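As stored in data06.pdb (PDB, C-alpha atoms):
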```
ATOM      1  CA  MET A1462       0.000   0.000   0.000
ATOM      2  CA  THR A1463       1.388   3.264  -1.068
ATOM      3  CA  PRO A1464       1.527   5.913   1.720
ATOM      4  CA  SER A1465      -0.284   9.180   1.214
ATOM      5  CA  ALA A1466       1.500  12.410   0.525
ATOM      6  CA  GLY A1467       0.718  13.796   3.978
ATOM      7  CA  ALA A1468       1.858  10.690   5.887
ATOM      8  CA  ALA A1469       5.350   9.872   7.152
ATOM      9  CA  SER A1470       6.906   6.416   6.907
ATOM     10  CA  ALA A1471       7.141   4.481  10.111
ATOM     11  CA  SER A1472       9.518   1.858  11.160
ATOM     12  CA  PRO A1473       8.274  -1.656  11.653
ATOM     13  CA  GLY A1474       6.662  -2.243  15.035
ATOM     14  CA  GLU A1475       5.777   1.462  15.661
ATOM     15  CA  PRO A1476       2.349   2.933  15.085
ATOM     16  CA  GLU A1477       1.946   5.125  12.126
ATOM     17  CA  LEU A1478       1.530   8.867  12.925
ATOM     18  CA  THR A1479      -0.287  11.278  10.785
ATOM     19  CA  LEU A1480       0.673  14.993  11.144
ATOM     20  CA  PRO A1481      -2.014  17.576  10.514
ATOM     21  CA  ALA A1482      -1.270  19.984   7.781
ATOM     22  CA  SER A1483      -0.560  23.612   8.812
ATOM     23  CA  GLY A1484      -1.785  26.589   7.037
ATOM     24  CA  ASP A1485       1.326  26.828   4.959
ATOM     25  CA  GLY A1486       1.272  23.126   4.124
ATOM     26  CA  ALA A1487       4.194  22.206   6.458
ATOM     27  CA  PRO A1488       3.647  19.427   8.929
ATOM     28  CA  ARG A1489       3.519  20.261  12.675
ATOM     29  CA  PRO A1490       5.163  18.037  15.305
ATOM     30  CA  PRO A1491       3.007  15.968  17.607
ATOM     31  CA  ARG A1492       1.866  17.410  20.958
ATOM     32  CA  GLY A1493       4.482  17.215  23.631
ATOM     33  CA  GLN A1494       7.352  17.653  21.212
ATOM     34  CA  THR A1495       9.064  20.970  20.410
ATOM     35  CA  GLU A1496      10.032  22.221  17.104
ATOM     36  CA  PRO A1497      13.655  22.049  16.216
ATOM     37  CA  ARG A1498      15.696  25.167  16.961
ATOM     38  CA  SER A1499      15.955  25.885  13.304
ATOM     39  CA  ALA A1500      12.154  25.975  13.055
ATOM     40  CA  GLN A1501      11.588  28.417  16.034
ATOM     41  CA  ARG A1502      10.737  32.092  15.279
ATOM     42  CA  THR A1503      13.546  34.565  15.645
ATOM     43  CA  GLU A1504      13.008  38.080  17.113
ATOM     44  CA  SER A1505      14.175  41.173  15.347
ATOM     45  CA  GLY A1506      16.617  43.628  16.901
ATOM     46  CA  GLY A1507      13.902  46.255  17.575
ATOM     47  CA  GLN A1508      11.801  43.739  19.486
ATOM     48  CA  THR A1509      14.787  42.811  21.607
ATOM     49  CA  ARG A1510      15.471  46.426  22.525
ATOM     50  CA  ALA A1511      11.788  47.013  23.359
ATOM     51  CA  ARG A1512      11.722  43.945  25.612
ATOM     52  CA  ALA A1513      14.776  45.257  27.459
ATOM     53  CA  LEU A1514      12.956  48.511  28.225
ATOM     54  CA  LEU A1515      10.068  46.781  29.933
ATOM     55  CA  VAL A1516       9.977  47.249  33.741
ATOM     56  CA  PRO A1517       8.641  44.361  35.780
ATOM     57  CA  VAL A1518       5.485  45.280  37.685
ATOM     58  CA  PRO A1519       5.192  43.854  41.179
ATOM     59  CA  ASP A1520       2.059  42.026  42.221
ATOM     60  CA  ALA A1521       1.051  44.654  44.793
ATOM     61  CA  GLU A1522       2.339  48.210  45.000
ATOM     62  CA  PRO A1523       3.461  49.318  48.509
ATOM     63  CA  ALA A1524       1.345  52.037  50.137
ATOM     64  CA  ALA A1525       2.803  55.480  49.758
ATOM     65  CA  PRO A1526       3.812  57.085  53.083
ATOM     66  CA  GLU A1527       1.517  59.842  54.377
ATOM     67  CA  VAL A1528       3.001  63.311  54.062
ATOM     68  CA  PRO A1529       1.693  65.950  56.536
ATOM     69  CA  ALA A1530       0.421  69.275  55.263
ATOM     70  CA  VAL A1531       3.140  71.902  55.013
ATOM     71  CA  LEU A1532       2.544  75.634  54.713
ATOM     72  CA  PRO A1533       4.060  77.282  51.684
ATOM     73  CA  GLY A1534       7.451  78.686  52.377
ATOM     74  CA  ARG A1535       7.964  82.405  52.776
ATOM     75  CA  PRO A1536      10.966  83.680  50.925
ATOM     76  CA  GLU A1537      13.461  85.531  53.059
ATOM     77  CA  PRO A1538      15.148  88.559  51.554
ATOM     78  CA  ALA A1539      18.805  88.229  51.044
ATOM     79  CA  ARG A1540      20.757  89.877  53.801
ATOM     80  CA  PRO A1541      23.538  92.149  52.719
ATOM     81  CA  SER A1542      26.861  90.910  53.796
ATOM     82  CA  ALA A1543      28.997  93.387  55.632
ATOM     83  CA  ARG A1544      32.403  93.830  54.180
ATOM     84  CA  ALA A1545      35.094  93.418  56.712
ATOM     85  CA  VAL A1546      36.981  96.682  56.949
ATOM     86  CA  THR A1547      40.235  97.097  58.693
ATOM     87  CA  ALA A1548      41.079 100.276  60.506
ATOM     88  CA  ALA A1549      44.406 100.529  58.708
ATOM     89  CA  GLU A1550      42.894 101.034  55.224
ATOM     90  CA  GLU A1551      41.896 104.690  55.779
ATOM     91  CA  SER A1552      42.375 107.339  58.422
ATOM     92  CA  GLY A1553      41.066 110.768  59.152
ATOM     93  CA  ILE A1554      37.503 110.575  60.619
ATOM     94  CA  THR A1555      36.415 107.896  63.085
ATOM     95  CA  CYS A1556      32.818 106.741  62.650
ATOM     96  CA  TRP A1557      30.851 107.549  65.779
ATOM     97  CA  ARG A1558      28.756 104.408  65.422
ATOM     98  CA  CYS A1559      31.157 101.554  64.449
ATOM     99  CA  GLY A1560      34.601 103.094  65.133
ATOM    100  CA  VAL A1561      35.997 102.519  61.605
ATOM    101  CA  GLN A1562      38.399 105.097  60.197
ATOM    102  CA  ASN A1563      37.329 107.085  57.102
ATOM    103  CA  ARG A1564      38.951 109.648  54.848
ATOM    104  CA  THR A1565      38.261 113.296  55.545
ATOM    105  CA  ASP A1566      36.475 113.738  52.212
ATOM    106  CA  ARG A1567      33.835 111.095  53.056
ATOM    107  CA  THR A1568      30.336 112.074  54.128
ATOM    108  CA  PHE A1569      29.107 108.604  55.078
ATOM    109  CA  CYS A1570      30.955 105.804  56.834
ATOM    110  CA  ARG A1571      32.386 103.251  54.442
ATOM    111  CA  ASN A1572      31.430 100.431  56.835
ATOM    112  CA  ASP A1573      27.869 101.017  58.130
ATOM    113  CA  GLY A1574      26.786 104.067  56.084
ATOM    114  CA  ALA A1575      26.240 106.333  59.095
ATOM    115  CA  ARG A1576      26.530 110.047  58.478
ATOM    116  CA  LEU A1577      29.927 111.086  59.812
ATOM    117  CA  ASP A1578      28.857 114.600  60.890
ATOM    118  CA  ARG A1579      25.894 113.162  62.968
ATOM    119  CA  SER A1580      23.404 115.449  61.249
ATOM    120  CA  GLY A1581      21.009 112.496  60.905
ATOM    121  CA  GLN A1582      20.751 112.134  64.677
ATOM    122  CA  GLN A1583      17.961 113.978  66.489
ATOM    123  CA  ALA A1584      19.369 116.354  69.024
ATOM    124  CA  PRO A1585      18.207 115.515  72.538
ATOM    125  CA  ALA A1586      15.672 117.894  74.032
ATOM    126  CA  PRO A1587      17.164 120.251  76.571
ATOM    127  CA  ALA A1588      16.359 119.358  80.155
ATOM    128  CA  ARG A1589      13.707 121.602  81.708
ATOM    129  CA  ARG A1590      13.956 123.010  85.114
ATOM    130  CA  ARG A1591      11.487 121.955  87.746
ATOM    131  CA  GLY A1592       8.257 123.890  87.395
ATOM    132  CA  GLU A1593       9.173 125.168  83.910
ATOM    133  CA  ARG A1594       6.558 124.677  81.167
ATOM    134  CA  VAL A1595       7.104 124.392  77.430
ATOM    135  CA  ALA A1596       5.469 127.080  75.282
ATOM    136  CA  GLY A1597       2.033 125.915  74.082
ATOM    137  CA  TRP A1598       1.794 123.124  76.668
ATOM    138  CA  ARG A1599      -1.607 122.617  78.262
ATOM    139  CA  PRO A1600      -2.454 120.357  81.167
ATOM    140  CA  ARG A1601      -4.199 117.142  80.234
ATOM    141  CA  VAL A1602      -7.667 116.992  81.772
ATOM    142  CA  PRO A1603      -9.050 113.500  82.542
ATOM    143  CA  TRP A1604     -12.519 114.262  81.165
ATOM    144  CA  LYS A1605     -13.792 110.725  81.671
ATOM    145  CA  ARG A1606     -12.985 110.829  85.371
ATOM    146  CA  VAL A1607     -14.463 114.321  85.708
ATOM    147  CA  LEU A1608     -17.732 113.211  84.073
ATOM    148  CA  ILE A1609     -17.989 110.180  86.357
ATOM    149  CA  ILE A1610     -17.450 112.327  89.457
ATOM    150  CA  VAL A1611     -20.033 114.894  88.307
ATOM    151  CA  GLY A1612     -22.577 112.139  87.540
ATOM    152  CA  VAL A1613     -22.148 110.495  90.925
ATOM    153  CA  ALA A1614     -22.420 113.845  92.698
ATOM    154  CA  THR A1615     -25.601 114.667  90.764
ATOM    155  CA  VAL A1616     -27.193 111.334  91.663
ATOM    156  CA  LEU A1617     -26.313 111.718  95.331
ATOM    157  CA  ALA A1618     -27.622 115.285  95.426
ATOM    158  CA  GLY A1619     -30.861 114.239  93.742
ATOM    159  CA  ALA A1620     -31.276 111.336  96.138
ATOM    160  CA  ALA A1621     -30.679 113.584  99.138
ATOM    161  CA  PHE A1622     -33.204 116.108  97.808
ATOM    162  CA  LEU A1623     -35.866 113.578  96.860
ATOM    163  CA  THR A1624     -35.486 111.239  99.824
ATOM    164  CA  PRO A1625     -38.052 113.000 102.082
ATOM    165  CA  ALA A1626     -40.581 113.196  99.252
ATOM    166  CA  VAL A1627     -39.997 109.560  98.296
ATOM    167  CA  VAL A1628     -40.321 108.406 101.893
ATOM    168  CA  ARG A1629     -43.492 110.380 102.312
ATOM    169  CA  ALA A1630     -44.988 109.029  99.066
ATOM    170  CA  VAL A1631     -44.238 105.447 100.076
ATOM    171  CA  ARG A1632     -45.632 106.026 103.547
ATOM    172  CA  ASP A1633     -48.782 107.652 102.157
ATOM    173  CA  HIS A1634     -49.259 104.764  99.746
ATOM    174  CA  PHE A1635     -49.180 102.059 102.385
ATOM    175  CA  THR A1636     -50.704 103.948 105.326
ATOM    176  CA  GLY A1637     -53.558 106.419 105.414
ATOM    177  CA  PRO A1638     -53.525 109.766 107.254
ATOM    178  CA  ALA A1639     -54.026 109.601 110.999
ATOM    179  CA  PRO A1640     -56.310 111.844 113.083
ATOM    180  CA  LEU A1641     -54.643 115.019 114.390
ATOM    181  CA  PRO A1642     -56.550 116.227 117.459
ATOM    182  CA  PRO A1643     -55.514 119.819 118.297
ATOM    183  CA  ALA A1644     -53.823 120.744 121.531
ATOM    184  CA  ALA A1645     -56.110 123.777 122.080
ATOM    185  CA  VAL A1646     -59.284 125.150 120.445
ATOM    186  CA  SER A1647     -61.144 128.466 120.568
ATOM    187  CA  ALA A1648     -63.808 130.471 118.747
ATOM    188  CA  SER A1649     -64.596 134.084 117.998
ATOM    189  CA  ASN A1650     -67.848 133.676 119.998
ATOM    190  CA  SER A1651     -69.575 130.660 121.513
ATOM    191  CA  ASP A1652     -72.970 129.682 122.933
ATOM    192  CA  ALA A1653     -72.538 128.768 126.590
ATOM    193  CA  ALA A1654     -74.303 125.439 126.005
ATOM    194  CA  HIS A1655     -72.374 124.745 122.842
ATOM    195  CA  PRO A1656     -68.694 125.748 123.255
ATOM    196  CA  ALA A1657     -65.894 125.404 120.698
ATOM    197  CA  GLN A1658     -64.659 122.170 122.266
ATOM    198  CA  SER A1659     -67.893 120.501 121.096
ATOM    199  CA  ALA A1660     -66.755 120.821 117.466
ATOM    200  CA  PHE A1661     -63.455 118.926 118.153
ATOM    201  CA  ASP A1662     -64.570 116.236 120.637
ATOM    202  CA  GLY A1663     -64.802 113.436 118.048
ATOM    203  CA  VAL A1664     -68.582 112.850 118.413
ATOM    204  CA  SER A1665     -71.242 114.091 116.019
ATOM    205  CA  ASN A1666     -74.184 114.578 118.447
ATOM    206  CA  SER A1667     -72.657 117.722 120.028
ATOM    207  CA  TRP A1668     -72.166 121.007 118.183
ATOM    208  CA  TRP A1669     -70.742 124.522 118.332
ATOM    209  CA  GLY A1670     -72.804 127.691 117.820
ATOM    210  CA  PRO A1671     -71.862 131.394 117.948
ATOM    211  CA  GLY A1672     -74.736 132.140 120.395
ATOM    212  CA  PHE A1673     -76.823 134.459 118.148
ATOM    213  CA  ALA A1674     -79.072 134.135 115.085
ATOM    214  CA  GLY A1675     -78.113 135.052 111.509
ATOM    215  CA  ASP A1676     -75.577 133.798 108.950
ATOM    216  CA  SER A1677     -72.654 134.326 111.407
ATOM    217  CA  ALA A1678     -70.518 136.010 108.751
ATOM    218  CA  GLY A1679     -66.986 136.565 110.126
ATOM    219  CA  GLN A1680     -67.312 134.107 113.004
ATOM    220  CA  TYR A1681     -64.602 131.451 113.191
ATOM    221  CA  LEU A1682     -63.335 128.306 114.906
ATOM    222  CA  GLN A1683     -59.608 127.987 115.668
ATOM    223  CA  ALA A1684     -57.416 124.905 116.378
ATOM    224  CA  ASN A1685     -53.815 125.112 117.603
ATOM    225  CA  TYR A1686     -51.028 122.488 117.770
ATOM    226  CA  SER A1687     -48.171 122.373 120.226
ATOM    227  CA  ARG A1688     -45.803 121.039 117.481
ATOM    228  CA  PRO A1689     -45.919 121.221 113.667
ATOM    229  CA  VAL A1690     -48.053 118.677 111.813
ATOM    230  CA  GLU A1691     -48.381 117.632 108.167
ATOM    231  CA  LEU A1692     -51.986 118.582 107.510
ATOM    232  CA  GLU A1693     -53.613 116.703 104.609
ATOM    233  CA  LYS A1694     -57.397 116.535 105.050
ATOM    234  CA  ILE A1695     -60.221 118.177 107.021
ATOM    235  CA  ILE A1696     -63.722 116.733 107.426
ATOM    236  CA  ILE A1697     -66.500 119.206 108.390
ATOM    237  CA  THR A1698     -69.947 118.077 109.532
ATOM    238  CA  PRO A1699     -72.431 120.991 109.317
ATOM    239  CA  GLY A1700     -75.575 121.186 111.512
ATOM    240  CA  VAL A1701     -76.245 119.703 114.898
ATOM    241  CA  SER A1702     -75.635 116.025 113.913
ATOM    242  CA  THR A1703     -75.355 113.603 111.008
ATOM    243  CA  ARG A1704     -79.008 112.519 111.256
ATOM    244  CA  SER A1705     -81.253 113.741 108.453
ATOM    245  CA  GLU A1706     -84.174 114.454 110.815
ATOM    246  CA  ASP A1707     -82.017 117.027 112.660
ATOM    247  CA  LEU A1708     -81.171 118.963 109.490
ATOM    248  CA  ASP A1709     -83.507 121.931 110.120
ATOM    249  CA  VAL A1710     -82.916 122.239 113.866
ATOM    250  CA  GLN A1711     -80.301 124.965 113.333
ATOM    251  CA  ALA A1712     -78.731 126.801 110.366
ATOM    252  CA  ARG A1713     -75.806 125.163 108.497
ATOM    253  CA  PRO A1714     -72.624 126.833 107.149
ATOM    254  CA  LYS A1715     -72.545 127.290 103.380
ATOM    255  CA  ARG A1716     -69.351 129.149 102.388
ATOM    256  CA  PHE A1717     -66.226 129.442 104.509
ATOM    257  CA  ASP A1718     -62.510 130.218 104.270
ATOM    258  CA  LEU A1719     -59.746 127.948 105.544
ATOM    259  CA  LEU A1720     -56.695 129.769 106.908
ATOM    260  CA  VAL A1721     -53.676 127.561 107.774
ATOM    261  CA  THR A1722     -50.512 128.933 109.418
ATOM    262  CA  ASP A1723     -47.189 127.056 109.529
ATOM    263  CA  ALA A1724     -44.362 127.166 112.080
ATOM    264  CA  SER A1725     -42.523 129.966 110.245
ATOM    265  CA  GLY A1726     -45.611 132.251 110.229
ATOM    266  CA  ARG A1727     -46.552 131.719 106.566
ATOM    267  CA  THR A1728     -50.297 131.412 105.882
ATOM    268  CA  SER A1729     -52.406 129.667 103.250
ATOM    269  CA  LEU A1730     -55.959 130.922 102.592
ATOM    270  CA  THR A1731     -58.411 128.826 100.543
ATOM    271  CA  HIS A1732     -62.136 129.294  99.807
ATOM    272  CA  HIS A1733     -64.652 126.456 100.050
ATOM    273  CA  GLN A1734     -68.370 125.780  99.780
ATOM    274  CA  LEU A1735     -70.286 123.017 101.557
ATOM    275  CA  ALA A1736     -73.365 121.109 100.483
ATOM    276  CA  ASP A1737     -76.383 121.310 102.765
ATOM    277  CA  GLY A1738     -76.013 118.357 105.129
ATOM    278  CA  GLY A1739     -73.656 115.444 105.773
ATOM    279  CA  PRO A1740     -69.910 115.226 106.482
ATOM    280  CA  GLN A1741     -67.771 116.717 103.720
ATOM    281  CA  LEU A1742     -64.054 116.330 102.923
ATOM    282  CA  VAL A1743     -61.712 119.237 102.240
ATOM    283  CA  ASP A1744     -58.190 118.526 100.880
ATOM    284  CA  VAL A1745     -55.385 120.503 102.497
ATOM    285  CA  ALA A1746     -51.622 120.318 101.806
ATOM    286  CA  MET A1747     -49.615 122.118 104.469
ATOM    287  CA  ASP A1748     -46.359 120.958 106.078
ATOM    288  CA  ASP A1749     -45.437 122.256 109.532
ATOM    289  CA  ALA A1750     -48.968 123.489 110.244
ATOM    290  CA  VAL A1751     -49.477 124.883 113.732
ATOM    291  CA  GLN A1752     -52.845 126.696 113.462
ATOM    292  CA  VAL A1753     -56.112 126.167 111.516
ATOM    293  CA  ASP A1754     -58.955 128.729 111.291
ATOM    294  CA  VAL A1755     -62.438 127.988 109.833
ATOM    295  CA  ILE A1756     -64.003 131.392 108.975
ATOM    296  CA  LEU A1757     -67.764 131.437 108.163
ATOM    297  CA  HIS A1758     -69.391 133.629 105.466
ATOM    298  CA  ASP A1759     -73.017 132.614 105.013
ATOM    299  CA  ALA A1760     -75.339 129.696 105.855
ATOM    300  CA  TYR A1761     -78.285 127.533 104.838
ATOM    301  CA  GLY A1762     -81.690 127.790 106.633
ATOM    302  CA  THR A1763     -81.044 130.973 108.588
ATOM    303  CA  ALA A1764     -83.885 132.340 110.757
ATOM    304  CA  GLU A1765     -84.423 134.685 113.714
ATOM    305  CA  ASP A1766     -84.543 131.766 116.104
ATOM    306  CA  LYS A1767     -81.682 129.717 114.573
ATOM    307  CA  GLN A1768     -77.927 130.022 114.835
ATOM    308  CA  VAL A1769     -75.273 128.435 112.581
ATOM    309  CA  ALA A1770     -74.233 125.048 113.995
ATOM    310  CA  VAL A1771     -71.089 122.982 113.293
ATOM    311  CA  ALA A1772     -71.257 119.427 114.642
ATOM    312  CA  GLU A1773     -67.643 118.386 114.023
ATOM    313  CA  VAL A1774     -64.286 119.547 112.549
ATOM    314  CA  GLU A1775     -61.817 116.651 112.131
ATOM    315  CA  MET A1776     -58.241 117.067 110.894
ATOM    316  CA  PHE A1777     -56.040 114.300 109.475
ATOM    317  CA  GLY A1778     -52.367 114.064 108.624
ATOM    318  CA  ARG A1779     -49.074 113.178 110.306
ATOM    319  CA  SER A1780     -46.911 114.675 112.924
ATOM    320  CA  ALA A1781     -43.976 116.543 111.366
ATOM    321  CA  SER A1782     -41.557 115.661 114.202
TER     322      SER A1782
END
```
Exercise: express the given structure as structure tokens:
Amino acid sequence: MTPSAGAASASPGEPELTLPASGDGAPRPPRGQTEPRSAQRTESGGQTRARALLVPVPDAEPAAPEVPAVLPGRPEPARPSARAVTAAEESGITCWRCGVQNRTDRTFCRNDGARLDRSGQQAPAPARRRGERVAGWRPRVPWKRVLIIVGVATVLAGAAFLTPAVVRAVRDHFTGPAPLPPAAVSASNSDAAHPAQSAFDGVSNSWWGPGFAGDSAGQYLQANYSRPVELEKIIITPGVSTRSEDLDVQARPKRFDLLVTDASGRTSLTHHQLADGGPQLVDVAMDDAVQVDVILHDAYGTAEDKQVAVAEVEMFGRSAS
């Protein structure tokens, strides 16, 4: 049997191998066998140089070390270097600052640049004698301290001035005026059965009368205090009592004047009018009052057999001492 063109002859006793045809028609060796050296591909010179440039890459790159933040650098100006000068190079003028010798024609020191005639130095101010003042000098006034002192003094003065008024206002707010019974009473004229003391005894069923009929114009009641008082209010009860059935028993005062005298002799005169019947309040503001006069002018219900009657005069305030 004639072997095919693509088969190779085998020796007796060995199996016959058939090589597959390659693309170019040349037979390939069986698996597990290498091609002869002559059949291996050869690299060109450029490929060899490129392979030599390759850097092997490790399997895992090491972690880069952490670098702390650094502020940008600030450039430092170049420092001029001082030239070493020897004193033997020149002579003539000694620099007053560094002691280097300079020629007489120099204006500035050749070492440190100081002016040799010292004209750049400020002349020291002449010493002043004790108590001597420079022309145009003015004393420095500590205005802030002055204003603080003036403010404190103003507050203290205001507090000292307002303290009595403040104390009185607080006292008046929390406590009412107290009764001020007079030390002595009198009248211009009195009925023997109805004296002036009856108008200041604190009861409303006794009364004062002048002792004659008519309107009693010009008649008065007077109360005196042994020490000054702060008079604030007066309550007057006209007639013989506060009962309505006793209203027409006697005449009742209608208009009257209130004359208040203080400890220094100053007087305050006010005019008032009463309603016909019932206790009535009259506001009075007098410090250091020592005397109170109630002066009658005319009356309600006058008749030939009736006199003007005042049941009660009550004064309220505080003792001034």
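Atom pair atom CA of A:Thr1731 / atom CA of A:Arg1716 has a distance of 11.1 Å (rounded to one decimal).
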*Separation of atom CA of A:Ala1654 from atom CA of A:His1733 in Å*: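 Taking atom CA of A:His1733 as the start and atom CA of A:Ala1654 as the end point, the length is 27.7 Å.
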*From the set A:Asp1723, A:Asp1662, A:Asp1578, A:Glu1706, which residue has the shortest atom-to-atom contact distance to A:Val1751, counting all atoms listed in the file?*
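Counting all atoms listed in the file, the residue closest to A:Val1751 is A:Asp1723.
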*Closest to A:Asp1748 among A:Glu1765, A:Asp1718, A:Glu1537, A:Glu1691, using all atoms listed in the file?*
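The closest residue to A:Asp1748 is A:Glu1691.
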*In the coordinate frame of the file, compute which residues have an atom within 10 Å of (-77.0, 113.2, 111.6) when using only C-alpha atoms, and state them as a VMD selection string.*
chain A and resid 1665 to 1666 1698 to 1708 1738 to 1740 1772
*To one decimal in Å, tell me the separation between atom CA of A:Ala1746 and atom CA of A:Ala1712.*
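Computing the Euclidean distance for atom CA of A:Ala1746 and atom CA of A:Ala1712 yields 29.2 Å.
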*Kindly resolve the PyMOL selection byres ((chain A and resi 1656) around 12) on the present coordinates and return the residues as a PyMOL selection string.*
chain A and resi 1646-1655+1657-1662+1667-1672+1682+1770-1773
Prev. selection, C-alpha atoms, output as an mmCIF file, keeping the file's coordinate frame:
```cif
data_model
loop_
_atom_site.group_PDB
_atom_site.id
_atom_site.type_symbol
_atom_site.label_atom_id
_atom_site.label_comp_id
_atom_site.auth_asym_id
_atom_site.auth_seq_id
_atom_site.Cartn_x
_atom_site.Cartn_y
_atom_site.Cartn_z
ATOM 1 C CA VAL A 1646 -59.284 125.150 120.445
ATOM 2 C CA SER A 1647 -61.144 128.466 120.568
ATOM 3 C CA ALA A 1648 -63.808 130.471 118.747
ATOM 4 C CA SER A 1649 -64.596 134.084 117.998
ATOM 5 C CA ASN A 1650 -67.848 133.676 119.998
ATOM 6 C CA SER A 1651 -69.575 130.660 121.513
ATOM 7 C CA ASP A 1652 -72.970 129.682 122.933
ATOM 8 C CA ALA A 1653 -72.538 128.768 126.590
ATOM 9 C CA ALA A 1654 -74.303 125.439 126.005
ATOM 10 C CA HIS A 1655 -72.374 124.745 122.842
ATOM 11 C CA ALA A 1657 -65.894 125.404 120.698
ATOM 12 C CA GLN A 1658 -64.659 122.170 122.266
ATOM 13 C CA SER A 1659 -67.893 120.501 121.096
ATOM 14 C CA ALA A 1660 -66.755 120.821 117.466
ATOM 15 C CA PHE A 1661 -63.455 118.926 118.153
ATOM 16 C CA ASP A 1662 -64.570 116.236 120.637
ATOM 17 C CA SER A 1667 -72.657 117.722 120.028
ATOM 18 C CA TRP A 1668 -72.166 121.007 118.183
ATOM 19 C CA TRP A 1669 -70.742 124.522 118.332
ATOM 20 C CA GLY A 1670 -72.804 127.691 117.820
ATOM 21 C CA PRO A 1671 -71.862 131.394 117.948
ATOM 22 C CA GLY A 1672 -74.736 132.140 120.395
ATOM 23 C CA LEU A 1682 -63.335 128.306 114.906
ATOM 24 C CA ALA A 1770 -74.233 125.048 113.995
ATOM 25 C CA VAL A 1771 -71.089 122.982 113.293
ATOM 26 C CA ALA A 1772 -71.257 119.427 114.642
ATOM 27 C CA GLU A 1773 -67.643 118.386 114.023
#
```
*Using the chain letters and numbers from the file, which residues does the PyMOL selection byres ((chain A and resi 1726) around 12) grab, as a PyMOL selection string?*
chain A and resi 1689+1720-1725+1727-1729+1749-1752
Report the centre and edge lengths, in Å to one decimal, of an axis-aligned box enclosing every atom of stretch 1735-1744 of chain A listed in the file, padded by 8 Å on each side, as lines of an AutoDock Vina configuration file.
```
center_x = -67.3
center_y = 119.1
center_z = 103.5
size_x = 34.2
size_y = 23.8
size_z = 22.0
```
*In terms of the shortest atom-to-atom distance over all atoms listed in the file, which of A:Leu1577, A:Leu1692, A:Val1769, A:Val1611 is closest to A:Pro1643?*
A:Leu1692
*Which is closest to A:Leu1757 among A:Gly1675, A:Pro1640, A:Pro1603, A:Pro1714, if we use only C-alpha atoms?*
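Of the candidates, the smallest distance to A:Leu1757 is held by A:Pro1714.
Here the question is which of A:Leu1742, A:Ser1687, A:Ala1674, A:Arg1576 gets nearest to A:Gly1762 using only C-alpha atoms, and that residue is A:Ala1674.
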